[in-house]
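*Asks:* Got structure_17.pdb for you, PDB, C-alpha atoms:
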```
ATOM      1  CA  MET A   1       0.000   0.000   0.000
ATOM      2  CA  ARG A   2       1.351   3.424  -0.908
ATOM      3  CA  SER A   3       2.022   5.960   1.822
ATOM      4  CA  ALA A   4       0.246   9.307   2.087
ATOM      5  CA  ASN A   5       3.473  11.038   0.982
ATOM      6  CA  GLU A   6       3.632   8.914  -2.188
ATOM      7  CA  ARG A   7       0.002   9.708  -2.986
ATOM      8  CA  ASP A   8       0.656  13.430  -2.366
ATOM      9  CA  THR A   9       3.643  13.286  -4.722
ATOM     10  CA  ASP A  10       1.535  11.636  -7.413
ATOM     11  CA  ASP A  11      -1.195  14.234  -6.949
ATOM     12  CA  LYS A  12       1.270  17.125  -7.246
ATOM     13  CA  ILE A  13       2.947  15.990 -10.430
ATOM     14  CA  ASN A  14      -0.164  14.664 -12.125
ATOM     15  CA  ALA A  15      -2.720  17.351 -11.301
ATOM     16  CA  HIS A  16      -1.837  19.514 -14.315
ATOM     17  CA  PRO A  17       1.058  17.881 -16.169
ATOM     18  CA  GLU A  18       0.983  20.559 -18.875
ATOM     19  CA  ASP A  19       1.926  23.159 -16.249
ATOM     20  CA  LEU A  20       4.868  21.185 -14.857
ATOM     21  CA  SER A  21       8.384  22.437 -15.050
ATOM     22  CA  PHE A  22      11.389  20.153 -15.092
ATOM     23  CA  GLU A  23      12.263  21.488 -11.630
ATOM     24  CA  ASP A  24       8.883  20.281 -10.294
ATOM     25  CA  VAL A  25       9.360  16.799 -11.725
ATOM     26  CA  ALA A  26      12.980  16.536 -10.581
ATOM     27  CA  LYS A  27      12.094  17.711  -7.075
ATOM     28  CA  GLU A  28       9.282  15.193  -6.682
ATOM     29  CA  LEU A  29      10.766  12.165  -8.437
ATOM     30  CA  SER A  30      14.563  12.315  -8.041
ATOM     31  CA  GLY A  31      14.458  10.553  -4.663
ATOM     32  CA  PRO A  32      12.089   7.725  -5.662
ATOM     33  CA  LEU A  33      13.805   7.224  -9.025
ATOM     34  CA  GLY A  34      17.224   7.149  -7.373
ATOM     35  CA  ARG A  35      16.108   4.523  -4.860
ATOM     36  CA  TYR A  36      14.529   2.469  -7.643
ATOM     37  CA  LEU A  37      17.686   2.553  -9.764
ATOM     38  CA  GLN A  38      19.808   1.599  -6.780
ATOM     39  CA  ARG A  39      17.583  -1.437  -6.199
ATOM     40  CA  VAL A  40      17.998  -2.390  -9.847
ATOM     41  CA  VAL A  41      21.786  -2.033 -10.135
ATOM     42  CA  ALA A  42      22.761  -2.530  -6.463
ATOM     43  CA  ASP A  43      25.509   0.069  -6.835
ATOM     44  CA  ARG A  44      25.055   3.600  -5.544
ATOM     45  CA  SER A  45      27.508   5.335  -7.887
ATOM     46  CA  ILE A  46      26.111   3.608 -10.984
ATOM     47  CA  ALA A  47      22.573   4.404  -9.820
ATOM     48  CA  GLU A  48      23.513   8.075  -9.471
ATOM     49  CA  ASP A  49      24.897   8.097 -13.020
ATOM     50  CA  LEU A  50      21.745   6.424 -14.350
ATOM     51  CA  LEU A  51      19.583   8.881 -12.430
ATOM     52  CA  GLN A  52      21.404  11.790 -14.049
ATOM     53  CA  GLU A  53      20.826  10.275 -17.489
ATOM     54  CA  THR A  54      17.159   9.728 -16.586
ATOM     55  CA  LEU A  55      16.769  13.358 -15.514
ATOM     56  CA  ILE A  56      18.456  14.574 -18.711
ATOM     57  CA  ARG A  57      16.017  12.557 -20.822
ATOM     58  CA  ILE A  58      13.081  13.800 -18.747
ATOM     59  CA  ALA A  59      14.221  17.394 -19.253
ATOM     60  CA  ARG A  60      14.524  16.850 -23.007
ATOM     61  CA  GLY A  61      11.198  15.048 -23.314
ATOM     62  CA  LEU A  62       9.028  17.086 -20.962
ATOM     63  CA  PRO A  63       8.097  19.783 -23.503
ATOM     64  CA  ASP A  64       6.659  17.063 -25.778
ATOM     65  CA  PHE A  65       5.039  15.021 -22.980
ATOM     66  CA  GLU A  66       1.468  14.388 -24.111
ATOM     67  CA  GLY A  67       0.042  13.048 -20.851
ATOM     68  CA  LEU A  68      -0.894   9.622 -22.254
ATOM     69  CA  SER A  69       0.333   8.185 -18.949
ATOM     70  CA  SER A  70       1.088   9.791 -15.612
ATOM     71  CA  VAL A  71       4.343  11.720 -15.316
ATOM     72  CA  LYS A  72       5.464   9.171 -12.723
ATOM     73  CA  THR A  73       4.857   6.213 -15.046
ATOM     74  CA  TRP A  74       6.587   8.031 -17.896
ATOM     75  CA  ALA A  75       9.607   8.801 -15.699
ATOM     76  CA  TYR A  76       9.880   5.223 -14.411
ATOM     77  CA  THR A  77       9.653   3.947 -17.971
ATOM     78  CA  ILE A  78      12.597   6.156 -18.927
ATOM     79  CA  ALA A  79      14.575   5.007 -15.878
ATOM     80  CA  THR A  80      13.869   1.346 -16.659
ATOM     81  CA  ARG A  81      14.963   1.712 -20.283
ATOM     82  CA  ILE A  82      18.163   3.416 -19.197
ATOM     83  CA  ALA A  83      18.857   0.645 -16.666
ATOM     84  CA  MET A  84      18.207  -2.063 -19.265
ATOM     85  CA  ASP A  85      20.505  -0.259 -21.745
ATOM     86  CA  HIS A  86      23.172  -0.166 -19.041
ATOM     87  CA  PHE A  87      22.946  -3.938 -18.529
ATOM     88  CA  ARG A  88      22.894  -4.670 -22.250
ATOM     89  CA  LYS A  89      26.072  -2.632 -22.763
ATOM     90  CA  ARG A  90      27.810  -4.446 -19.928
ATOM     91  CA  GLY A  91      26.454  -7.866 -20.838
ATOM     92  CA  ALA A  92      24.982  -8.242 -17.369
ATOM     93  CA  SER A  93      21.532  -8.581 -15.851
ATOM     94  CA  PRO A  94      19.607  -6.445 -13.364
ATOM     95  CA  LEU A  95      20.018  -7.334  -9.743
ATOM     96  CA  ALA A  96      16.740  -5.752  -8.638
ATOM     97  CA  VAL A  97      17.413  -5.880  -4.897
ATOM     98  CA  ASP A  98      18.401  -3.118  -2.516
ATOM     99  CA  GLU A  99      20.122  -4.586   0.516
ATOM    100  CA  SER A 100      18.676  -2.356   3.238
ATOM    101  CA  GLU A 101      15.132  -2.631   1.913
ATOM    102  CA  ALA A 102      15.306  -6.328   1.046
ATOM    103  CA  SER A 103      16.490  -7.248   4.527
ATOM    104  CA  GLY A 104      13.931  -5.391   6.586
ATOM    105  CA  LEU A 105      16.799  -4.276   8.805
ATOM    106  CA  PRO A 106      17.014  -0.771  10.222
ATOM    107  CA  ASP A 107      19.179   1.779   8.422
ATOM    108  CA  ASP A 108      22.032   1.420  10.916
ATOM    109  CA  ALA A 109      24.869  -0.885   9.924
ATOM    110  CA  PRO A 110      24.112  -4.623  10.203
ATOM    111  CA  THR A 111      26.288  -6.948  12.227
ATOM    112  CA  PRO A 112      28.664  -9.266  10.339
ATOM    113  CA  GLU A 113      26.212 -12.147  10.911
ATOM    114  CA  GLN A 114      23.313 -10.066   9.548
ATOM    115  CA  ARG A 115      25.420  -8.991   6.574
ATOM    116  CA  LEU A 116      26.286 -12.615   5.754
ATOM    117  CA  ALA A 117      22.631 -13.695   5.902
ATOM    118  CA  LEU A 118      21.604 -10.654   3.879
ATOM    119  CA  ASP A 119      24.255 -11.276   1.223
ATOM    120  CA  GLN A 120      23.125 -14.886   0.869
ATOM    121  CA  MET A 121      19.481 -13.853   0.523
ATOM    122  CA  ASN A 122      20.355 -11.166  -2.006
ATOM    123  CA  ALA A 123      22.474 -13.560  -4.053
ATOM    124  CA  CYS A 124      19.588 -16.026  -4.322
ATOM    125  CA  VAL A 125      17.037 -13.376  -5.244
ATOM    126  CA  ARG A 126      19.355 -11.624  -7.685
ATOM    127  CA  GLU A 127      20.196 -14.800  -9.573
ATOM    128  CA  VAL A 128      16.532 -15.719  -9.964
ATOM    129  CA  VAL A 129      15.397 -12.233 -11.009
ATOM    130  CA  ALA A 130      18.301 -11.939 -13.456
ATOM    131  CA  ALA A 131      17.305 -15.235 -15.080
ATOM    132  CA  LEU A 132      13.679 -14.231 -15.685
ATOM    133  CA  PRO A 133      12.546 -13.429 -19.226
ATOM    134  CA  GLU A 134      12.962  -9.696 -19.792
ATOM    135  CA  GLU A 135       9.231  -8.934 -19.889
ATOM    136  CA  PHE A 136       8.720 -10.601 -16.483
ATOM    137  CA  ARG A 137      11.868  -9.042 -15.037
ATOM    138  CA  ILE A 138      10.836  -5.519 -16.038
ATOM    139  CA  ALA A 139       7.294  -6.008 -14.736
ATOM    140  CA  ILE A 140       8.424  -7.194 -11.305
ATOM    141  CA  MET A 141      11.081  -4.483 -11.149
ATOM    142  CA  LEU A 142       8.553  -1.729 -11.841
ATOM    143  CA  HIS A 143       5.787  -3.131  -9.665
ATOM    144  CA  ASP A 144       7.535  -4.707  -6.680
ATOM    145  CA  PHE A 145      10.716  -2.637  -6.571
ATOM    146  CA  GLY A 146       9.558   0.596  -8.200
ATOM    147  CA  GLY A 147       6.204   0.744  -6.441
ATOM    148  CA  LEU A 148       4.145   1.289  -9.595
ATOM    149  CA  SER A 149       0.571   0.049  -9.654
ATOM    150  CA  ALA A 150      -0.431  -2.747 -12.021
ATOM    151  CA  ARG A 151      -1.979  -0.151 -14.334
ATOM    152  CA  GLU A 152       1.168   2.001 -14.294
ATOM    153  CA  THR A 153       3.311  -1.082 -14.883
ATOM    154  CA  ALA A 154       1.128  -2.014 -17.838
ATOM    155  CA  THR A 155       1.521   1.454 -19.336
ATOM    156  CA  ALA A 156       5.291   1.352 -18.854
ATOM    157  CA  CYS A 157       5.511  -2.128 -20.402
ATOM    158  CA  GLY A 158       3.175  -1.301 -23.281
ATOM    159  CA  CYS A 159       0.736  -4.094 -22.467
ATOM    160  CA  SER A 160      -2.730  -4.481 -20.975
ATOM    161  CA  GLU A 161      -3.224  -4.306 -17.215
ATOM    162  CA  ALA A 162      -4.283  -7.959 -17.230
ATOM    163  CA  ASN A 163      -1.095  -8.907 -19.050
ATOM    164  CA  ALA A 164       1.006  -6.897 -16.588
ATOM    165  CA  LYS A 165      -0.633  -8.723 -13.685
ATOM    166  CA  ILE A 166       0.126 -12.058 -15.342
ATOM    167  CA  ARG A 167       3.776 -11.074 -15.817
ATOM    168  CA  ILE A 168       4.073  -9.980 -12.175
ATOM    169  CA  HIS A 169       2.356 -13.146 -10.938
ATOM    170  CA  ARG A 170       4.567 -15.422 -13.034
ATOM    171  CA  ALA A 171       7.727 -13.610 -11.965
ATOM    172  CA  ARG A 172       6.768 -13.938  -8.291
ATOM    173  CA  ALA A 173       5.810 -17.590  -8.720
ATOM    174  CA  LYS A 174       9.138 -18.364 -10.401
ATOM    175  CA  LEU A 175      11.026 -16.512  -7.684
ATOM    176  CA  LYS A 176       9.189 -18.439  -4.945
ATOM    177  CA  THR A 177       9.602 -21.828  -6.647
ATOM    178  CA  VAL A 178      13.334 -21.446  -7.240
ATOM    179  CA  LEU A 179      14.031 -20.084  -3.763
ATOM    180  CA  GLN A 180      12.087 -22.926  -2.119
ATOM    181  CA  LYS A 181      13.865 -25.504  -4.285
ATOM    182  CA  GLU A 182      17.422 -24.214  -3.998
ATOM    183  CA  CYS A 183      17.483 -22.443  -0.639
ATOM    184  CA  ASN A 184      16.622 -23.083   2.985
ATOM    185  CA  LEU A 185      14.284 -20.244   3.889
ATOM    186  CA  TYR A 186      13.696 -19.315   7.530
ATOM    187  CA  ARG A 187      12.685 -16.376   9.680
ATOM    188  CA  GLU A 188      14.855 -14.984  12.441
ATOM    189  CA  GLU A 189      13.671 -13.509  15.733
ATOM    190  CA  ASP A 190      13.106 -10.132  14.071
ATOM    191  CA  ASN A 191      10.748 -11.909  11.583
ATOM    192  CA  VAL A 192      13.080 -11.075   8.699
ATOM    193  CA  LEU A 193      13.186 -13.717   5.985
ATOM    194  CA  ARG A 194      16.605 -15.306   5.545
ATOM    195  CA  CYS A 195      18.011 -17.754   3.033
ATOM    196  CA  HIS A 196      20.913 -20.190   2.810
ATOM    197  CA  ARG A 197      21.812 -22.037  -0.371
ATOM    198  CA  ARG A 198      21.520 -25.788  -0.144
ATOM    199  CA  ASP A 199      24.724 -27.722  -0.811
TER
END
```
Output the structure of this file as structure tokens.

*Replies:*
Amino acid sequence: MRSANERDTDDKINAHPEDLSFEDVAKELSGPLGRYLQRVVADRSIAEDLLQETLIRIARGLPDFEGLSSVKTWAYTIATRIAMDHFRKRGASPLAVDESEASGLPDDAPTPEQRLALDQMNACVREVVAALPEEFRIAIMLHDFGGLSARETATACGCSEANAKIRIHRARAKLKTVLQKECNLYREEDNVLRCHRRD
């Protein structure tokens, strides 16, 4: 469920998109887009570079923005394309997990034991997400990691809402199946899900 702040942000940038300046869009979306890109690439400096490229493309495209989708959906679509271009150039796949958010741990530094468990969980999730077909990978990235609704994800993916929901469902099902098959999943005292690869 989206927070009141996220809904307020959406309301601000989508109330009258024709009246928006680049400064308005950058102010409202730089933070969320930056966090999204960091989840995707799992590297803060690369995410910052990709965010800058995203903002440049938003600035260039905003005068021609026709409002066929929300500004937020349009911006996330740009960010996703830039991230996918980045991985294609490097011959790699998206990681789609942000360590602090994936772990459920507080922002303060984890203990070495927590870091080990977190790294193992991230490795499992990253490998599975990276192996998904691109259409499923993008859908789950936008919806589960980017926070877009099913309708916004559909718009960004250029498919129907029903098709977007199918892609998200299949990606989640594949993730669950592989993790249950290849990993020992358990919850610690703090109710955070942990994972260890089976030998």

*Asks:* Could you state the separation of atom CA of Gly31 of chain A and atom CA of Ala47 of chain A in Å, given to one decimal place?

*Replies:*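 Distance reported for this atom pair: 11.4 Å.
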
*Asks:* One decimal, in Å: what's the spacing between atom CA of Ser21 of chain A and atom CA of Ile58 of chain A?

*Replies:* 10.5 Å

*Asks:* Taking the file above as input, evaluate the PyMOL selection byres ((chain A and resi 159-165) around 12) and report the hits as an mmCIF file with C-alpha atoms, in the coordinates of the input.

*Replies:*
```
data_model
loop_
_atom_site.group_PDB
_atom_site.id
_atom_site.type_symbol
_atom_site.label_atom_id
_atom_site.label_comp_id
_atom_site.auth_asym_id
_atom_site.auth_seq_id
_atom_site.Cartn_x
_atom_site.Cartn_y
_atom_site.Cartn_z
ATOM 1 C CA GLU A 135 9.231 -8.934 -19.889
ATOM 2 C CA PHE A 136 8.720 -10.601 -16.483
ATOM 3 C CA ARG A 137 11.868 -9.042 -15.037
ATOM 4 C CA ILE A 138 10.836 -5.519 -16.038
ATOM 5 C CA ALA A 139 7.294 -6.008 -14.736
ATOM 6 C CA ILE A 140 8.424 -7.194 -11.305
ATOM 7 C CA MET A 141 11.081 -4.483 -11.149
ATOM 8 C CA LEU A 142 8.553 -1.729 -11.841
ATOM 9 C CA HIS A 143 5.787 -3.131 -9.665
ATOM 10 C CA ASP A 144 7.535 -4.707 -6.680
ATOM 11 C CA LEU A 148 4.145 1.289 -9.595
ATOM 12 C CA SER A 149 0.571 0.049 -9.654
ATOM 13 C CA ALA A 150 -0.431 -2.747 -12.021
ATOM 14 C CA ARG A 151 -1.979 -0.151 -14.334
ATOM 15 C CA GLU A 152 1.168 2.001 -14.294
ATOM 16 C CA THR A 153 3.311 -1.082 -14.883
ATOM 17 C CA ALA A 154 1.128 -2.014 -17.838
ATOM 18 C CA THR A 155 1.521 1.454 -19.336
ATOM 19 C CA ALA A 156 5.291 1.352 -18.854
ATOM 20 C CA CYS A 157 5.511 -2.128 -20.402
ATOM 21 C CA GLY A 158 3.175 -1.301 -23.281
ATOM 22 C CA ILE A 166 0.126 -12.058 -15.342
ATOM 23 C CA ARG A 167 3.776 -11.074 -15.817
ATOM 24 C CA ILE A 168 4.073 -9.980 -12.175
ATOM 25 C CA HIS A 169 2.356 -13.146 -10.938
ATOM 26 C CA ARG A 170 4.567 -15.422 -13.034
ATOM 27 C CA ALA A 171 7.727 -13.610 -11.965
ATOM 28 C CA ARG A 172 6.768 -13.938 -8.291
#
```

*Asks:* Give me the residues near Ala75 of chain A as a list in words, where near means some atom within 9 Å (using only C-alpha atoms) and where sequence neighbours in that chain fewer than 6 positions away do not count.

*Replies:*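 Here the answer would be Val25, Leu29, Leu33, Thr54, Leu55 and Ile58 of chain A.
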
*Asks:* Which residue, A:Leu68, A:Leu51, A:Arg60, A:Ser30, has the smallest gap to Ile82 of chain A when you use only C-alpha atoms?

*Replies:*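 Result for the nearest residue to Ile82 of chain A: A:Leu51.
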
*Asks:* Could you rebuild segment 38-49 of chain A with N, CA and C atoms and give me the result as a PDB file, in the coordinates of the input?

*Replies:*
```
ATOM      1  N   GLN A  38      18.845   2.267  -7.645  1.00  0.00           N
ATOM      2  CA  GLN A  38      19.808   1.599  -6.780  1.00  0.00           C
ATOM      3  C   GLN A  38      19.373   0.166  -6.502  1.00  0.00           C
ATOM      4  N   ARG A  39      18.066  -0.066  -6.362  1.00  0.00           N
ATOM      5  CA  ARG A  39      17.583  -1.437  -6.199  1.00  0.00           C
ATOM      6  C   ARG A  39      17.919  -2.274  -7.428  1.00  0.00           C
ATOM      7  N   VAL A  40      17.790  -1.658  -8.596  1.00  0.00           N
ATOM      8  CA  VAL A  40      17.998  -2.390  -9.847  1.00  0.00           C
ATOM      9  C   VAL A  40      19.467  -2.742 -10.049  1.00  0.00           C
ATOM     10  N   VAL A  41      20.370  -1.794  -9.823  1.00  0.00           N
ATOM     11  CA  VAL A  41      21.786  -2.033 -10.135  1.00  0.00           C
ATOM     12  C   VAL A  41      22.619  -2.410  -8.924  1.00  0.00           C
ATOM     13  N   ALA A  42      22.066  -2.189  -7.709  1.00  0.00           N
ATOM     14  CA  ALA A  42      22.761  -2.530  -6.463  1.00  0.00           C
ATOM     15  C   ALA A  42      24.144  -1.875  -6.366  1.00  0.00           C
ATOM     16  N   ASP A  43      24.254  -0.680  -6.906  1.00  0.00           N
ATOM     17  CA  ASP A  43      25.509   0.069  -6.835  1.00  0.00           C
ATOM     18  C   ASP A  43      25.155   1.552  -6.819  1.00  0.00           C
ATOM     19  N   ARG A  44      25.480   2.213  -5.730  1.00  0.00           N
ATOM     20  CA  ARG A  44      25.055   3.600  -5.544  1.00  0.00           C
ATOM     21  C   ARG A  44      25.628   4.541  -6.607  1.00  0.00           C
ATOM     22  N   SER A  45      26.908   4.403  -6.927  1.00  0.00           N
ATOM     23  CA  SER A  45      27.508   5.335  -7.887  1.00  0.00           C
ATOM     24  C   SER A  45      26.939   5.131  -9.290  1.00  0.00           C
ATOM     25  N   ILE A  46      26.719   3.866  -9.673  1.00  0.00           N
ATOM     26  CA  ILE A  46      26.111   3.608 -10.984  1.00  0.00           C
ATOM     27  C   ILE A  46      24.685   4.138 -11.001  1.00  0.00           C
ATOM     28  N   ALA A  47      23.950   3.911  -9.904  1.00  0.00           N
ATOM     29  CA  ALA A  47      22.573   4.404  -9.820  1.00  0.00           C
ATOM     30  C   ALA A  47      22.525   5.922  -9.959  1.00  0.00           C
ATOM     31  N   GLU A  48      23.476   6.610  -9.357  1.00  0.00           N
ATOM     32  CA  GLU A  48      23.513   8.075  -9.471  1.00  0.00           C
ATOM     33  C   GLU A  48      23.758   8.501 -10.916  1.00  0.00           C
ATOM     34  N   ASP A  49      24.650   7.792 -11.606  1.00  0.00           N
ATOM     35  CA  ASP A  49      24.897   8.097 -13.020  1.00  0.00           C
ATOM     36  C   ASP A  49      23.639   7.866 -13.862  1.00  0.00           C
TER      37      ASP A  49
END
```
